[in-house]
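File shown here: final-v2.pdb, holding PDB, C-alpha atoms.
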```
ATOM      1  CA  MET E 547     100.108  87.702  26.773
ATOM      2  CA  THR E 548      98.349  86.077  29.720
ATOM      3  CA  THR E 549      95.573  83.625  28.942
ATOM      4  CA  ILE E 550      92.761  82.469  31.205
ATOM      5  CA  LYS E 551      94.431  79.111  31.754
ATOM      6  CA  ASP E 552      97.533  80.923  33.117
ATOM      7  CA  MET E 553      95.559  82.791  35.768
ATOM      8  CA  PRO E 554      95.685  81.558  39.365
ATOM      9  CA  VAL E 555      92.766  79.478  40.606
ATOM     10  CA  ARG E 556      91.292  79.875  44.066
ATOM     11  CA  ALA E 557      92.400  77.067  46.301
ATOM     12  CA  ALA E 558      89.596  77.450  48.838
ATOM     13  CA  THR E 559      85.886  76.946  48.299
ATOM     14  CA  ARG E 560      83.899  80.126  48.891
ATOM     15  CA  SER E 561      80.415  80.317  50.354
ATOM     16  CA  ASN E 562      77.997  83.174  49.751
ATOM     17  CA  VAL E 563      77.003  84.741  53.070
ATOM     18  CA  ARG E 564      75.354  87.893  54.400
ATOM     19  CA  ILE E 565      77.116  88.890  57.596
ATOM     20  CA  PHE E 566      77.161  92.494  58.782
ATOM     21  CA  ALA E 567      80.452  93.633  60.281
ATOM     22  CA  THR E 568      82.529  96.611  61.298
ATOM     23  CA  VAL E 569      85.737  97.043  59.304
ATOM     24  CA  ASN E 570      88.721  98.865  60.838
ATOM     25  CA  VAL E 571      91.594  99.936  58.566
ATOM     26  CA  MET E 572      94.268 102.094  60.165
ATOM     27  CA  HIS E 573      92.304 104.893  61.903
ATOM     28  CA  GLN E 574      89.223 104.463  59.719
ATOM     29  CA  SER E 575      86.106 102.489  60.479
ATOM     30  CA  THR E 576      83.042 101.634  58.400
ATOM     31  CA  ARG E 577      80.238  99.128  58.339
ATOM     32  CA  GLY E 578      80.295  96.434  55.720
ATOM     33  CA  ARG E 579      78.669  93.213  54.645
ATOM     34  CA  VAL E 580      80.638  90.003  54.183
ATOM     35  CA  VAL E 581      79.458  88.618  50.849
ATOM     36  CA  ASP E 582      81.657  85.564  50.568
ATOM     37  CA  LEU E 583      83.673  83.596  53.052
ATOM     38  CA  SER E 584      86.276  80.846  52.800
ATOM     39  CA  GLU E 585      88.841  79.195  55.012
ATOM     40  CA  ASN E 586      91.470  81.688  53.784
ATOM     41  CA  GLY E 587      89.621  84.977  53.484
ATOM     42  CA  MET E 588      86.520  87.000  52.759
ATOM     43  CA  ALA E 589      85.125  89.705  50.497
ATOM     44  CA  LEU E 590      83.146  92.623  51.900
ATOM     45  CA  ASP E 591      80.969  95.345  50.415
ATOM     46  CA  LEU E 592      81.644  98.572  52.331
ATOM     47  CA  GLU E 593      78.988 101.184  53.244
ATOM     48  CA  LYS E 594      81.367 104.110  52.784
ATOM     49  CA  PRO E 595      84.774 104.442  51.162
ATOM     50  CA  VAL E 596      88.000 104.017  53.099
ATOM     51  CA  GLN E 597      91.568 104.549  52.036
ATOM     52  CA  ALA E 598      92.879 101.022  51.672
ATOM     53  CA  ILE E 599      95.828  99.492  49.879
ATOM     54  CA  PRO E 600      96.918  95.868  49.529
ATOM     55  CA  GLY E 601      99.141  94.779  52.396
ATOM     56  CA  GLN E 602      97.462  96.913  55.077
ATOM     57  CA  LEU E 603      96.296  95.230  58.257
ATOM     58  CA  VAL E 604      92.552  95.159  58.860
ATOM     59  CA  THR E 605      90.252  94.024  61.668
ATOM     60  CA  ILE E 606      86.712  92.760  61.116
ATOM     61  CA  GLU E 607      84.205  92.441  63.954
ATOM     62  CA  SER E 608      80.795  90.771  63.732
ATOM     63  CA  GLU E 609      78.389  88.884  65.963
ATOM     64  CA  GLU E 610      78.644  85.693  63.908
ATOM     65  CA  LEU E 611      82.430  85.612  63.413
ATOM     66  CA  GLY E 612      83.747  87.564  66.382
ATOM     67  CA  ARG E 613      86.934  89.563  65.817
ATOM     68  CA  LEU E 614      89.228  88.556  62.955
ATOM     69  CA  SER E 615      92.460  90.126  61.738
ATOM     70  CA  GLY E 616      93.867  89.966  58.256
ATOM     71  CA  THR E 617      95.628  91.644  55.376
ATOM     72  CA  ILE E 618      93.992  93.505  52.519
ATOM     73  CA  ARG E 619      94.606  91.564  49.287
ATOM     74  CA  TRP E 620      92.614  93.836  46.936
ATOM     75  CA  PHE E 621      90.286  96.848  47.016
ATOM     76  CA  ARG E 622      87.992  97.810  44.109
ATOM     77  CA  ASN E 623      84.787  99.817  43.763
ATOM     78  CA  GLY E 624      83.835  99.692  47.439
ATOM     79  CA  ARG E 625      84.624  95.989  47.775
ATOM     80  CA  LEU E 626      87.468  94.690  49.904
ATOM     81  CA  GLY E 627      89.234  91.305  49.773
ATOM     82  CA  ILE E 628      90.905  90.097  52.949
ATOM     83  CA  GLN E 629      93.225  87.203  53.693
ATOM     84  CA  TYR E 630      93.011  86.103  57.329
ATOM     85  CA  LYS E 631      95.900  86.219  59.703
ATOM     86  CA  LEU E 632      94.994  82.711  60.796
ATOM     87  CA  SER E 633      95.453  81.783  64.379
ATOM     88  CA  THR E 634      93.950  78.858  66.219
ATOM     89  CA  ASN E 635      91.271  81.195  67.571
ATOM     90  CA  ALA E 636      90.374  82.599  64.127
ATOM     91  CA  LEU E 637      90.170  79.112  62.653
ATOM     92  CA  ALA E 638      87.843  78.055  65.483
ATOM     93  CA  GLN E 639      85.608  81.105  64.910
ATOM     94  CA  ILE E 640      85.227  80.417  61.191
ATOM     95  CA  THR E 641      84.643  76.697  61.729
ATOM     96  CA  SER E 642      82.034  77.517  64.363
ATOM     97  CA  TYR E 643      80.220  79.861  61.982
ATOM     98  CA  PHE E 644      79.941  77.151  59.332
ATOM     99  CA  ARG E 645      78.864  74.582  61.909
ATOM    100  CA  PHE E 646      76.145  76.595  63.654
ATOM    101  CA  PHE E 647      75.004  79.462  61.417
ATOM    102  CA  HIS E 648      75.622  78.682  57.776
ATOM    103  CA  GLU E 649      73.311  76.203  56.069
ATOM    104  CA  GLU E 650      74.891  75.995  52.614
ATOM    105  CA  VAL E 651      77.900  73.926  51.570
ATOM    106  CA  ARG E 652      80.385  73.968  54.400
ATOM    107  CA  PRO E 653      84.041  73.962  53.412
ATOM    108  CA  VAL E 654      86.410  71.694  55.293
ATOM    109  CA  LEU E 655      88.828  73.885  57.196
ATOM    110  CA  ARG E 656      92.326  72.656  57.683
ATOM    111  CA  ARG E 657      95.293  74.134  59.441
TER     112      ARG E 657
END
```

Target format structure tokens, applied to this file:
Amino acid sequence: MTTIKDMPVRAATRSNVRIFATVNVMHQSTRGRVVDLSENGMALDLEKPVQAIPGQLVTIESEELGRLSGTIRWFRNGRLGIQYKLSTNALAQITSYFRFFHEEVRPVLRR
């Protein structure tokens, strides 16, 4: 039996955000809202359902973050969890968002 203390803990601090974005999974596209953001990934609420499974590649485009690529980690009840495919450019985009747009606690991003 698994207990709460045996469950994995998030390594990265998450910040609550409200960023509207377009989500592209395979040949499907929908609008979504980024609801939390960290140095490793994000969670989005989707406007309409898409067929998504963990491991699929996904692209997210928004004014605030630009274009980011990643892998679907989980998908439940219209919410999608994504782990970034971090490149130097993606890291710069996320750091820039926290520096110029986000006013809450800013996580320290490291490569």

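For the pair atom CA of Gly627 of chain E and atom CA of Leu583 of chain E, the separation is 10.1 Å.
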
### Message
Under the PyMOL selection byres ((chain E and resi 629) around 7), which residues of this model are included? Write them out as a PyMOL selection string.
### Response
chain E and resi 586-588+616-619+627-628+630-631

#### Entry: Residue among E:Val563, E:Leu611, E:Leu632, E:Val596 lying closest to Val580 of chain E, counting all atoms listed in the file
E:Val563

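Take atom CA of Pro600 of chain E and atom CA of Met572 of chain E: the distance between them is 12.6 Å.
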
### Query
Nearest to Ala589 of chain E: which of E:Asn635, E:Ser642, E:Thr576, E:Ser561 is it, counting only C-alpha atoms?
E:Ser561

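Going from atom CA of Ser575 of chain E to atom CA of Gly612 of chain E covers 16.2 Å.
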
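Comparing the minimum interatomic distances between Tyr643 of chain E and each of E:Val571, E:Asn562, E:Glu610, E:Arg579, counting all atoms listed in the file, we find that E:Glu610 sits nearest.
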